[in-house]
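**Q** The following file, data_10.pdb, comprises PDB, C-alpha atoms, pLDDT in the B column:
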MODEL        1
ATOM      1  CA  GLY A  18      -3.091  17.701   4.455  1.00 82.00           C
ATOM      2  CA  ASP A  19      -2.822  14.320   6.103  1.00 86.00           C
ATOM      3  CA  SER A  20       0.643  12.824   6.391  1.00 90.00           C
ATOM      4  CA  VAL A  21       2.604  10.001   8.001  1.00 94.00           C
ATOM      5  CA  THR A  22       6.182  10.076   9.220  1.00 95.00           C
ATOM      6  CA  GLN A  23       8.290   7.026  10.045  1.00 94.00           C
ATOM      7  CA  MET A  24      11.736   6.528  11.472  1.00 88.00           C
ATOM      8  CA  GLU A  25      14.305   6.181   8.758  1.00 82.00           C
ATOM      9  CA  GLY A  26      15.946   2.884   8.064  1.00 85.00           C
ATOM     10  CA  PRO A  27      17.427   0.592   7.300  1.00 94.00           C
ATOM     11  CA  VAL A  28      17.165  -1.103  10.661  1.00 96.00           C
ATOM     12  CA  THR A  29      19.352  -4.128  11.313  1.00 97.00           C
ATOM     13  CA  LEU A  30      18.712  -6.339  14.324  1.00 97.00           C
ATOM     14  CA  SER A  31      19.917  -9.665  15.593  1.00 97.00           C
ATOM     15  CA  GLU A  32      17.429 -12.489  15.895  1.00 97.00           C
ATOM     16  CA  GLU A  33      15.361 -12.321  19.117  1.00 97.00           C
ATOM     17  CA  ALA A  34      16.046  -8.610  19.581  1.00 97.00           C
ATOM     18  CA  PHE A  35      13.288  -6.150  20.481  1.00 98.00           C
ATOM     19  CA  LEU A  36      11.882  -4.090  17.633  1.00 97.00           C
ATOM     20  CA  THR A  37      10.402  -0.604  17.661  1.00 97.00           C
ATOM     21  CA  ILE A  38       9.570   1.340  14.525  1.00 97.00           C
ATOM     22  CA  ASN A  39       8.283   4.807  15.274  1.00 97.00           C
ATOM     23  CA  CYS A  40       5.361   6.300  13.395  1.00 97.00           C
ATOM     24  CA  THR A  41       3.627   9.633  13.857  1.00 97.00           C
ATOM     25  CA  TYR A  42       0.821  11.140  11.866  1.00 96.00           C
ATOM     26  CA  THR A  43      -0.931  14.386  11.063  1.00 94.00           C
ATOM     27  CA  ALA A  44      -4.629  14.259  10.283  1.00 90.00           C
ATOM     28  CA  THR A  45      -7.914  15.938  11.018  1.00 84.00           C
ATOM     29  CA  GLY A  46     -10.428  14.058  13.079  1.00 83.00           C
ATOM     30  CA  TYR A  47      -9.867  10.431  13.945  1.00 86.00           C
ATOM     31  CA  PRO A  48      -8.223   8.496  11.151  1.00 91.00           C
ATOM     32  CA  SER A  49      -7.795   4.747  11.055  1.00 92.00           C
ATOM     33  CA  LEU A  50      -4.186   3.661  11.402  1.00 95.00           C
ATOM     34  CA  PHE A  51      -2.439   0.709   9.794  1.00 95.00           C
ATOM     35  CA  TRP A  52       0.813  -1.133   9.512  1.00 97.00           C
ATOM     36  CA  TYR A  53       1.486  -2.907   6.229  1.00 95.00           C
ATOM     37  CA  VAL A  54       4.415  -5.206   5.494  1.00 96.00           C
ATOM     38  CA  GLN A  55       6.074  -5.773   2.136  1.00 92.00           C
ATOM     39  CA  TYR A  56       8.342  -8.762   1.649  1.00 91.00           C
ATOM     40  CA  PRO A  57      10.944  -8.599  -1.136  1.00 85.00           C
ATOM     41  CA  GLY A  58       9.366  -8.613  -4.591  1.00 81.00           C
ATOM     42  CA  GLU A  59       5.820  -8.811  -3.254  1.00 85.00           C
ATOM     43  CA  GLY A  60       2.827  -6.554  -2.717  1.00 85.00           C
ATOM     44  CA  LEU A  61       1.617  -5.190   0.597  1.00 89.00           C
ATOM     45  CA  GLN A  62       0.019  -7.257   3.330  1.00 91.00           C
ATOM     46  CA  LEU A  63      -2.024  -5.796   6.132  1.00 92.00           C
ATOM     47  CA  LEU A  64      -0.199  -6.480   9.377  1.00 96.00           C
ATOM     48  CA  LEU A  65      -2.470  -4.769  11.903  1.00 96.00           C
ATOM     49  CA  LYS A  66      -4.810  -1.846  12.345  1.00 95.00           C
ATOM     50  CA  ALA A  67      -6.477   0.355  14.940  1.00 95.00           C
ATOM     51  CA  THR A  68      -9.491   2.546  14.400  1.00 91.00           C
ATOM     52  CA  LYS A  69      -9.801   4.661  17.542  1.00 90.00           C
ATOM     53  CA  ALA A  70      -7.745   6.140  20.328  1.00 93.00           C
ATOM     54  CA  ASP A  71      -6.163   3.645  22.752  1.00 95.00           C
ATOM     55  CA  ASP A  72      -6.983   0.703  20.475  1.00 95.00           C
ATOM     56  CA  LYS A  73      -4.199  -1.839  20.213  1.00 97.00           C
ATOM     57  CA  GLY A  74      -3.724  -3.715  16.975  1.00 97.00           C
ATOM     58  CA  SER A  75      -1.819  -6.987  17.111  1.00 97.00           C
ATOM     59  CA  ASN A  76      -0.839  -9.784  14.766  1.00 96.00           C
ATOM     60  CA  LYS A  77       1.991 -12.341  14.525  1.00 95.00           C
ATOM     61  CA  GLY A  78       3.628 -10.970  17.664  1.00 97.00           C
ATOM     62  CA  PHE A  79       3.576  -7.382  16.422  1.00 98.00           C
ATOM     63  CA  GLU A  80       1.674  -4.710  18.320  1.00 98.00           C
ATOM     64  CA  ALA A  81       0.865  -1.030  17.905  1.00 98.00           C
ATOM     65  CA  THR A  82      -1.281   1.271  20.051  1.00 98.00           C
ATOM     66  CA  TYR A  83      -3.228   4.243  18.702  1.00 97.00           C
ATOM     67  CA  ARG A  84      -2.071   7.207  20.780  1.00 96.00           C
ATOM     68  CA  LYS A  85      -4.181  10.259  20.071  1.00 94.00           C
ATOM     69  CA  GLU A  86      -2.359  12.492  22.529  1.00 94.00           C
ATOM     70  CA  THR A  87       1.000  11.955  20.837  1.00 96.00           C
ATOM     71  CA  THR A  88      -0.441  11.231  17.348  1.00 96.00           C
ATOM     72  CA  SER A  89       1.625   8.078  17.210  1.00 97.00           C
ATOM     73  CA  PHE A  90       1.257   4.433  16.218  1.00 98.00           C
ATOM     74  CA  HIS A  91       4.607   2.814  16.966  1.00 98.00           C
ATOM     75  CA  LEU A  92       5.162  -0.785  15.877  1.00 98.00           C
ATOM     76  CA  GLU A  93       6.737  -3.197  18.379  1.00 98.00           C
ATOM     77  CA  LYS A  94       7.720  -6.833  18.566  1.00 98.00           C
ATOM     78  CA  GLY A  95       9.361  -8.481  21.513  1.00 97.00           C
ATOM     79  CA  SER A  96      11.535 -10.971  19.631  1.00 96.00           C
ATOM     80  CA  VAL A  97      12.166 -10.643  15.920  1.00 97.00           C
ATOM     81  CA  GLN A  98      12.933 -13.504  13.570  1.00 97.00           C
ATOM     82  CA  VAL A  99      14.872 -13.656  10.315  1.00 96.00           C
ATOM     83  CA  SER A 100      11.542 -14.120   8.531  1.00 96.00           C
ATOM     84  CA  ASP A 101      10.458 -10.664   9.734  1.00 97.00           C
ATOM     85  CA  SER A 102      12.943  -9.056   7.353  1.00 96.00           C
ATOM     86  CA  ALA A 103      10.825  -6.794   5.150  1.00 96.00           C
ATOM     87  CA  VAL A 104       9.778  -3.202   4.605  1.00 94.00           C
ATOM     88  CA  TYR A 105       7.162  -1.882   7.020  1.00 96.00           C
ATOM     89  CA  PHE A 106       4.788   0.926   6.090  1.00 95.00           C
ATOM     90  CA  CYS A 107       2.764   2.958   8.537  1.00 96.00           C
ATOM     91  CA  ALA A 108      -0.406   4.342   6.971  1.00 94.00           C
ATOM     92  CA  LEU A 109      -3.650   6.125   7.679  1.00 92.00           C
ATOM     93  CA  VAL A 110      -7.073   6.400   6.137  1.00 89.00           C
ATOM     94  CA  GLY A 111      -8.998   9.559   6.891  1.00 81.00           C
ATOM     95  CA  THR A 112     -12.588   9.779   7.954  1.00 70.00           C
ATOM     96  CA  SER A 113     -13.756  10.020   4.347  1.00 66.00           C
ATOM     97  CA  TYR A 114     -12.502   6.448   3.795  1.00 60.00           C
ATOM     98  CA  ASP A 115     -10.765   7.233   0.584  1.00 70.00           C
ATOM     99  CA  LYS A 116      -7.121   6.933  -0.269  1.00 78.00           C
ATOM    100  CA  VAL A 117      -4.446   5.536   1.981  1.00 86.00           C
ATOM    101  CA  ILE A 118      -1.680   7.872   3.070  1.00 89.00           C
ATOM    102  CA  PHE A 119       1.593   5.980   3.449  1.00 91.00           C
ATOM    103  CA  GLY A 120       4.715   6.729   5.365  1.00 93.00           C
ATOM    104  CA  PRO A 121       8.041   6.342   3.541  1.00 91.00           C
ATOM    105  CA  GLY A 122       8.594   2.805   4.802  1.00 93.00           C
ATOM    106  CA  THR A 123      11.241   1.328   7.091  1.00 95.00           C
ATOM    107  CA  SER A 124      13.409  -1.514   5.907  1.00 95.00           C
ATOM    108  CA  LEU A 125      14.147  -4.148   8.548  1.00 97.00           C
ATOM    109  CA  SER A 126      16.865  -6.762   8.260  1.00 96.00           C
ATOM    110  CA  VAL A 127      17.118  -9.455  10.910  1.00 97.00           C
ATOM    111  CA  ILE A 128      20.372 -11.384  11.008  1.00 97.00           C
ATOM    112  CA  PRO A 129      20.853 -14.808  12.614  1.00 95.00           C
TER
ATOM    113  CA  GLY B  28      -9.649 -11.495   4.519  1.00 66.00           C
ATOM    114  CA  ALA B  29     -10.491 -10.011   1.160  1.00 79.00           C
ATOM    115  CA  VAL B  30      -8.294 -11.012  -1.771  1.00 88.00           C
ATOM    116  CA  VAL B  31      -7.111  -8.824  -4.615  1.00 92.00           C
ATOM    117  CA  SER B  32      -5.230 -10.275  -7.552  1.00 94.00           C
ATOM    118  CA  GLN B  33      -3.177  -8.698 -10.324  1.00 96.00           C
ATOM    119  CA  HIS B  34      -2.143  -9.948 -13.706  1.00 96.00           C
ATOM    120  CA  PRO B  35       0.482 -10.201 -14.977  1.00 96.00           C
ATOM    121  CA  SER B  36       2.907 -10.318 -12.080  1.00 94.00           C
ATOM    122  CA  ARG B  37       5.797  -9.376 -14.305  1.00 95.00           C
ATOM    123  CA  VAL B  38       6.008  -7.951 -17.814  1.00 97.00           C
ATOM    124  CA  ILE B  39       8.875  -6.912 -20.046  1.00 97.00           C
ATOM    125  CA  CYS B  40       8.113  -4.910 -23.155  1.00 96.00           C
ATOM    126  CA  LYS B  41       9.813  -2.829 -25.810  1.00 96.00           C
ATOM    127  CA  SER B  42       9.716   0.925 -25.764  1.00 97.00           C
ATOM    128  CA  GLY B  43       6.661   2.303 -27.571  1.00 96.00           C
ATOM    129  CA  THR B  44       4.335  -0.588 -26.857  1.00 97.00           C
ATOM    130  CA  SER B  45       1.288  -0.522 -24.580  1.00 97.00           C
ATOM    131  CA  VAL B  46       0.858  -2.736 -21.566  1.00 97.00           C
ATOM    132  CA  LYS B  47      -2.368  -3.634 -19.773  1.00 97.00           C
ATOM    133  CA  ILE B  48      -2.438  -4.611 -16.105  1.00 97.00           C
ATOM    134  CA  GLU B  49      -5.527  -6.158 -14.543  1.00 97.00           C
ATOM    135  CA  CYS B  50      -6.671  -5.820 -10.951  1.00 96.00           C
ATOM    136  CA  ARG B  51      -9.424  -8.084  -9.661  1.00 95.00           C
ATOM    137  CA  SER B  52     -11.239  -8.310  -6.352  1.00 93.00           C
ATOM    138  CA  LEU B  53     -11.829 -12.036  -5.965  1.00 92.00           C
ATOM    139  CA  ASP B  54     -14.361 -12.322  -3.180  1.00 88.00           C
ATOM    140  CA  PHE B  55     -15.991  -8.936  -2.942  1.00 88.00           C
ATOM    141  CA  GLN B  56     -17.318  -6.182  -5.136  1.00 89.00           C
ATOM    142  CA  ALA B  57     -15.399  -2.927  -5.260  1.00 87.00           C
ATOM    143  CA  THR B  58     -16.925   0.261  -6.586  1.00 83.00           C
ATOM    144  CA  THR B  59     -13.578   1.938  -6.052  1.00 87.00           C
ATOM    145  CA  MET B  60     -10.084   0.665  -6.694  1.00 91.00           C
ATOM    146  CA  PHE B  61      -6.775   2.456  -6.404  1.00 93.00           C
ATOM    147  CA  TRP B  62      -3.617   2.328  -8.473  1.00 95.00           C
ATOM    148  CA  TYR B  63      -0.209   2.985  -6.961  1.00 94.00           C
ATOM    149  CA  ARG B  64       3.278   3.173  -8.325  1.00 95.00           C
ATOM    150  CA  GLN B  65       6.342   2.257  -6.322  1.00 90.00           C
ATOM    151  CA  PHE B  66       9.917   3.104  -7.254  1.00 87.00           C
ATOM    152  CA  PRO B  67      12.775   1.022  -5.826  1.00 84.00           C
ATOM    153  CA  LYS B  68      13.254   1.512  -2.100  1.00 81.00           C
ATOM    154  CA  GLN B  69      10.504   4.107  -1.982  1.00 85.00           C
ATOM    155  CA  SER B  70       6.974   4.335  -0.693  1.00 87.00           C
ATOM    156  CA  LEU B  71       3.803   3.948  -2.715  1.00 89.00           C
ATOM    157  CA  MET B  72       2.591   6.872  -4.734  1.00 90.00           C
ATOM    158  CA  LEU B  73      -1.116   7.034  -5.473  1.00 91.00           C
ATOM    159  CA  MET B  74      -1.664   7.482  -9.193  1.00 94.00           C
ATOM    160  CA  ALA B  75      -5.410   7.410  -9.528  1.00 94.00           C
ATOM    161  CA  THR B  76      -8.716   6.318  -8.105  1.00 91.00           C
ATOM    162  CA  SER B  77     -10.680   4.005 -10.348  1.00 88.00           C
ATOM    163  CA  ASN B  78     -14.456   4.378 -10.154  1.00 84.00           C
ATOM    164  CA  GLU B  79     -16.803   1.735 -11.519  1.00 84.00           C
ATOM    165  CA  GLY B  80     -18.960   3.168 -14.270  1.00 83.00           C
ATOM    166  CA  SER B  81     -17.303   6.566 -14.360  1.00 85.00           C
ATOM    167  CA  LYS B  82     -14.032   8.256 -15.141  1.00 89.00           C
ATOM    168  CA  ALA B  83     -10.996   7.732 -12.984  1.00 92.00           C
ATOM    169  CA  THR B  84      -9.718  10.480 -10.731  1.00 91.00           C
ATOM    170  CA  TYR B  85      -6.034  11.159 -11.276  1.00 94.00           C
ATOM    171  CA  GLU B  86      -3.578  12.594  -8.792  1.00 92.00           C
ATOM    172  CA  GLN B  87      -1.758  15.752  -9.656  1.00 92.00           C
ATOM    173  CA  GLY B  88       1.122  15.170 -12.026  1.00 93.00           C
ATOM    174  CA  VAL B  89      -0.136  11.852 -13.386  1.00 95.00           C
ATOM    175  CA  GLU B  90      -0.777  11.892 -17.136  1.00 94.00           C
ATOM    176  CA  LYS B  91      -4.293  10.738 -17.919  1.00 93.00           C
ATOM    177  CA  ASP B  92      -3.495   9.894 -21.518  1.00 95.00           C
ATOM    178  CA  LYS B  93      -0.429   7.951 -20.503  1.00 96.00           C
ATOM    179  CA  PHE B  94      -2.062   5.825 -17.833  1.00 97.00           C
ATOM    180  CA  LEU B  95      -5.506   4.786 -18.991  1.00 96.00           C
ATOM    181  CA  ILE B  96      -7.813   3.338 -16.364  1.00 94.00           C
ATOM    182  CA  ASN B  97     -10.978   1.389 -17.036  1.00 91.00           C
ATOM    183  CA  HIS B  98     -13.197   0.077 -14.260  1.00 90.00           C
ATOM    184  CA  ALA B  99     -15.375  -2.173 -16.354  1.00 84.00           C
ATOM    185  CA  SER B 100     -17.121  -4.094 -13.593  1.00 89.00           C
ATOM    186  CA  LEU B 101     -17.403  -4.261  -9.822  1.00 89.00           C
ATOM    187  CA  THR B 102     -14.534  -6.740  -9.675  1.00 93.00           C
ATOM    188  CA  LEU B 103     -12.177  -5.557 -12.394  1.00 94.00           C
ATOM    189  CA  SER B 104     -10.088  -2.466 -13.028  1.00 94.00           C
ATOM    190  CA  THR B 105      -7.408  -2.202 -15.690  1.00 96.00           C
ATOM    191  CA  LEU B 106      -4.434   0.117 -16.014  1.00 97.00           C
ATOM    192  CA  THR B 107      -2.977   0.534 -19.491  1.00 97.00           C
ATOM    193  CA  VAL B 108       0.430   2.140 -19.828  1.00 97.00           C
ATOM    194  CA  THR B 109       0.372   3.578 -23.336  1.00 97.00           C
ATOM    195  CA  SER B 110       3.494   3.998 -25.458  1.00 96.00           C
ATOM    196  CA  ALA B 111       5.644   2.833 -22.602  1.00 96.00           C
ATOM    197  CA  HIS B 112       9.171   4.164 -22.150  1.00 96.00           C
ATOM    198  CA  PRO B 113      12.005   3.063 -19.871  1.00 95.00           C
ATOM    199  CA  GLU B 114      11.075   5.721 -17.295  1.00 94.00           C
ATOM    200  CA  ASP B 115       7.705   3.969 -16.885  1.00 95.00           C
ATOM    201  CA  SER B 116       9.498   0.926 -15.511  1.00 95.00           C
ATOM    202  CA  SER B 117       8.215   0.470 -11.991  1.00 95.00           C
ATOM    203  CA  PHE B 118       6.200  -1.684  -9.608  1.00 94.00           C
ATOM    204  CA  TYR B 119       2.477  -1.068 -10.003  1.00 96.00           C
ATOM    205  CA  ILE B 120       0.119  -2.048  -7.200  1.00 94.00           C
ATOM    206  CA  CYS B 121      -3.643  -1.876  -7.007  1.00 95.00           C
ATOM    207  CA  SER B 122      -5.910  -1.953  -3.981  1.00 92.00           C
ATOM    208  CA  ALA B 123      -9.577  -2.127  -3.140  1.00 89.00           C
ATOM    209  CA  HIS B 124     -11.772  -2.196  -0.091  1.00 77.00           C
ATOM    210  CA  PRO B 125     -15.007  -4.040   0.562  1.00 75.00           C
ATOM    211  CA  PRO B 126     -18.080  -1.817   0.349  1.00 73.00           C
ATOM    212  CA  GLY B 127     -19.855  -0.471   3.424  1.00 67.00           C
ATOM    213  CA  GLY B 128     -19.887  -1.679   7.005  1.00 50.00           C
ATOM    214  CA  ALA B 129     -17.010  -2.766   9.186  1.00 45.00           C
ATOM    215  CA  GLY B 130     -13.694  -2.923   7.431  1.00 50.00           C
ATOM    216  CA  THR B 131     -14.562  -0.232   4.935  1.00 62.00           C
ATOM    217  CA  ASP B 132     -11.445   1.635   5.991  1.00 72.00           C
ATOM    218  CA  THR B 133      -9.166  -1.312   5.256  1.00 80.00           C
ATOM    219  CA  GLN B 134      -7.722  -1.567   1.785  1.00 84.00           C
ATOM    220  CA  TYR B 135      -6.447  -4.852   0.454  1.00 88.00           C
ATOM    221  CA  PHE B 136      -3.569  -4.808  -1.952  1.00 90.00           C
ATOM    222  CA  GLY B 137      -2.767  -6.864  -4.965  1.00 93.00           C
ATOM    223  CA  PRO B 138       0.610  -8.605  -5.245  1.00 92.00           C
ATOM    224  CA  GLY B 139       1.879  -5.995  -7.680  1.00 93.00           C
ATOM    225  CA  THR B 140       3.062  -5.994 -11.288  1.00 95.00           C
ATOM    226  CA  ARG B 141       6.712  -5.424 -12.157  1.00 94.00           C
ATOM    227  CA  LEU B 142       6.946  -3.541 -15.457  1.00 96.00           C
ATOM    228  CA  THR B 143      10.257  -3.317 -17.259  1.00 96.00           C
ATOM    229  CA  VAL B 144      10.433  -1.289 -20.457  1.00 96.00           C
ATOM    230  CA  LEU B 145      13.488  -1.933 -22.597  1.00 96.00           C
TER
ENDMDL
END
Could you render the structure from this file as C-alpha cells?
**A**
Amino acid sequence: GDSVTQMEGPVTLSEEAFLTINCTYTATGYPSLFWYVQYPGEGLQLLLKATKADDKGSNKGFEATYRKETTSFHLEKGSVQVSDSAVYFCALVGTSYDKVIFGPGTSLSVIP
Amino acid sequence: GAVVSQHPSRVICKSGTSVKIECRSLDFQATTMFWYRQFPKQSLMLMATSNEGSKATYEQGVEKDKFLINHASLTLSTLTVTSAHPEDSSFYICSAHPPGGAGTDTQYFGPGTRLTVL
C-alpha cells in the first residue's frame, strides 16, 4: 500500500540555518504530495502542496519539489526562524482522493 | 482557504462517561469527513471515514461501538467516545475537503480536541 517515510528527528537548528527535511513516498500512479505543519498544542495546517511531477510547492519561505524519479518531496528553507519550531508532516493523497497517508513527522526546534 | 472547526478544544471527563466531539466545515459542504487520533509525539492515525447520510467506514482495529460517528449534515460530523477510559485519552483531529474540482485532493484539518479521561 501507499506509504510515506520521513527523516527522523528531532532536528535542532540555530536561527538562520538552512533546513532540509527528507521525505520519500511509495504509491501507485501519481499521488498529490503535501507538507503539513503542527505547532505545539494545535491541529495541522497545510504548508504547501504539489500535484504532479516537477511541480514546486512554496509558502512562507518553505519549498518542496515533486520528484517522480526519486519518489521524493524534500522540504527546504533557506533561513529558519524560532517561530518555525514545530512538527512537520509529509503526506500524500492517492489518485482516488480519499484518505491522507502521513509520514511519522519530524520535530524541528530552532534556537536563537 | 477552507476552514474546519472542532468543539470542544479540550475536555476532561471521568472514566465511564461518554464524550461528543463536533467537527464542522464552516465555508464549504463536505460529503466526507475524516477522524484521526494522535498520540503524543506520534503521527496521525486514521480512525474512520465519515460519510454524510450513510454509515461510517472504520479502519481496521478501531472499535465501531466505542467510537460512534454521525454525519448528520453536509457541514457537521460528530465523534462520540462511549464509556471512555484513560487509554482513550488522546488528541482527536478531524478533516474534510471541498467537493469536486480543483483542491479536491487537499484536506483541511480542524484544530483538534484534547481528551483526557481521569
**Q** Determine the residue set returned by the PyMOL selection byres ((chain B and resi 132-142) around 7) for the present structure, and present it as a VMD selection string.
**A** (chain A and resid 49 59 to 62 110 114) or (chain B and resid 29 to 39 116 to 124 130 to 131 143 to 144)
**Q** Using the chain letters and numbers from this file, what does the ChimeraX specification (/B :<12) & /A select? Give the answer as a PyMOL selection string.
**A** chain A and resi 21-23+25-27+47-68+103-124
**Q** The centre and edge lengths of an axis-aligned box containing all atoms of region 35-53 of chain B present in the file, extended by 5 Å on each side, are to be given in Å to one decimal, as lines of an AutoDock Vina configuration file.
**A**
center_x = -1.0
center_y = -4.9
center_z = -16.8
size_x = 31.6
size_y = 24.3
size_z = 31.6
**Q** One number please: CA of Cys40 (chain A) to CA of Gly88 (chain B), in Å, one decimal.
**A**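 CA of Gly88 (chain B) lies at a distance of 27.3 Å from CA of Cys40 (chain A).
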**Q** What would the selection look like, as number ranges by chain, if the PyMOL selection byres ((chain B and resi 51) around 6) were run on the coordinates I just shared?
**A** B: 31-32, 50, 52-53, 102-103
**Q** Rank nothing, just name the residue among B:Val46, B:Phe94, B:Phe66, B:Ser100 nearest to Ser81 (chain B), using only C-alpha atoms.
**A**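 Of all the options, B:Ser100 lies closest to Ser81 (chain B).
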**Q** Work out how far apart CA of Gln56 (chain B) and CA of Leu101 (chain B) are and give it in Å to one decimal.
**A**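 Straight-line distance from CA of Gln56 (chain B) to CA of Leu101 (chain B) works out to 5.1 Å.
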**Q** Near Val108 (chain B), counting all atoms listed in the file, which residues have an atom at most 12 Å away, once you skip same-chain residues fewer than 4 positions from it, shown as a PyMOL selection string?
**A** chain B and resi 38+40+42-49+64+89-97+112-117+119+142-144
**Q** Hey, which of B:Ala99, B:Ala57, B:Met74, B:Ala111 ends up closest to Gln87 (chain B)? Count all atoms listed in the file.
**A**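 When distances to Gln87 (chain B) are compared using all atoms listed in the file, the smallest one comes from B:Met74.
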**Q** Quick one, how far is CA of Gly18 (chain A) from CA of His91 (chain A)?
**A**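 Interatomic distance, CA of Gly18 (chain A) to CA of His91 (chain A): 20.9 Å.
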**Q** Show me that you can extract region 86-109 of chain A, keeping N, CA and C atoms, and write it as a compact mmCIF listing (two decimals), in the first residue's frame.
**A**
# COMPACT_ATOMS: atom_id res chain seq x y z
N GLU A 86 11.15 10.75 -10.22
CA GLU A 86 12.21 9.77 -10.47
C GLU A 86 12.83 9.23 -9.18
N THR A 87 12.82 10.05 -8.14
CA THR A 87 13.37 9.60 -6.86
C THR A 87 12.27 9.41 -5.82
N THR A 88 11.03 9.55 -6.22
CA THR A 88 9.85 9.47 -5.33
C THR A 88 10.10 10.24 -4.05
N SER A 89 10.47 11.50 -4.21
CA SER A 89 10.79 12.32 -3.05
C SER A 89 10.08 13.66 -3.08
N PHE A 90 9.98 14.28 -1.91
CA PHE A 90 9.34 15.59 -1.76
C PHE A 90 9.98 16.28 -0.55
N HIS A 91 11.25 16.56 -0.67
CA HIS A 91 12.02 17.11 0.45
C HIS A 91 11.64 18.56 0.74
N LEU A 92 11.52 18.88 2.01
CA LEU A 92 11.17 20.24 2.43
C LEU A 92 12.44 21.03 2.71
N GLU A 93 12.50 22.27 2.21
CA GLU A 93 13.68 23.12 2.41
C GLU A 93 13.27 24.53 2.78
N LYS A 94 14.14 25.17 3.56
CA LYS A 94 14.00 26.59 3.84
C LYS A 94 15.39 27.17 4.02
N GLY A 95 15.62 28.29 3.39
CA GLY A 95 16.97 28.85 3.38
C GLY A 95 17.43 29.42 4.71
N SER A 96 16.50 29.93 5.51
CA SER A 96 16.88 30.59 6.76
C SER A 96 15.73 30.43 7.76
N VAL A 97 15.92 29.53 8.70
CA VAL A 97 14.83 29.24 9.63
C VAL A 97 14.78 30.27 10.76
N GLN A 98 13.60 30.40 11.32
CA GLN A 98 13.36 31.31 12.44
C GLN A 98 12.86 30.51 13.64
N VAL A 99 12.96 31.12 14.81
CA VAL A 99 12.49 30.45 16.02
C VAL A 99 11.02 30.07 15.88
N SER A 100 10.26 30.90 15.20
CA SER A 100 8.83 30.66 15.02
C SER A 100 8.54 29.46 14.11
N ASP A 101 9.54 28.93 13.46
CA ASP A 101 9.36 27.73 12.63
C ASP A 101 9.39 26.44 13.45
N SER A 102 9.67 26.56 14.72
CA SER A 102 9.72 25.38 15.59
C SER A 102 8.34 24.72 15.61
N ALA A 103 8.29 23.47 15.20
CA ALA A 103 7.01 22.76 15.06
C ALA A 103 7.30 21.34 14.62
N VAL A 104 6.24 20.57 14.42
CA VAL A 104 6.39 19.24 13.85
C VAL A 104 5.90 19.30 12.40
N TYR A 105 6.67 18.75 11.50
CA TYR A 105 6.36 18.79 10.07
C TYR A 105 6.02 17.38 9.58
N PHE A 106 4.89 17.29 8.89
CA PHE A 106 4.42 16.01 8.38
C PHE A 106 4.39 16.04 6.86
N CYS A 107 5.05 15.07 6.26
CA CYS A 107 4.94 14.85 4.83
C CYS A 107 3.74 13.92 4.61
N ALA A 108 2.99 14.13 3.54
CA ALA A 108 1.79 13.33 3.35
C ALA A 108 1.47 13.19 1.87
N LEU A 109 0.67 12.18 1.55
CA LEU A 109 0.21 12.03 0.19
C LEU A 109 -1.27 11.67 0.16
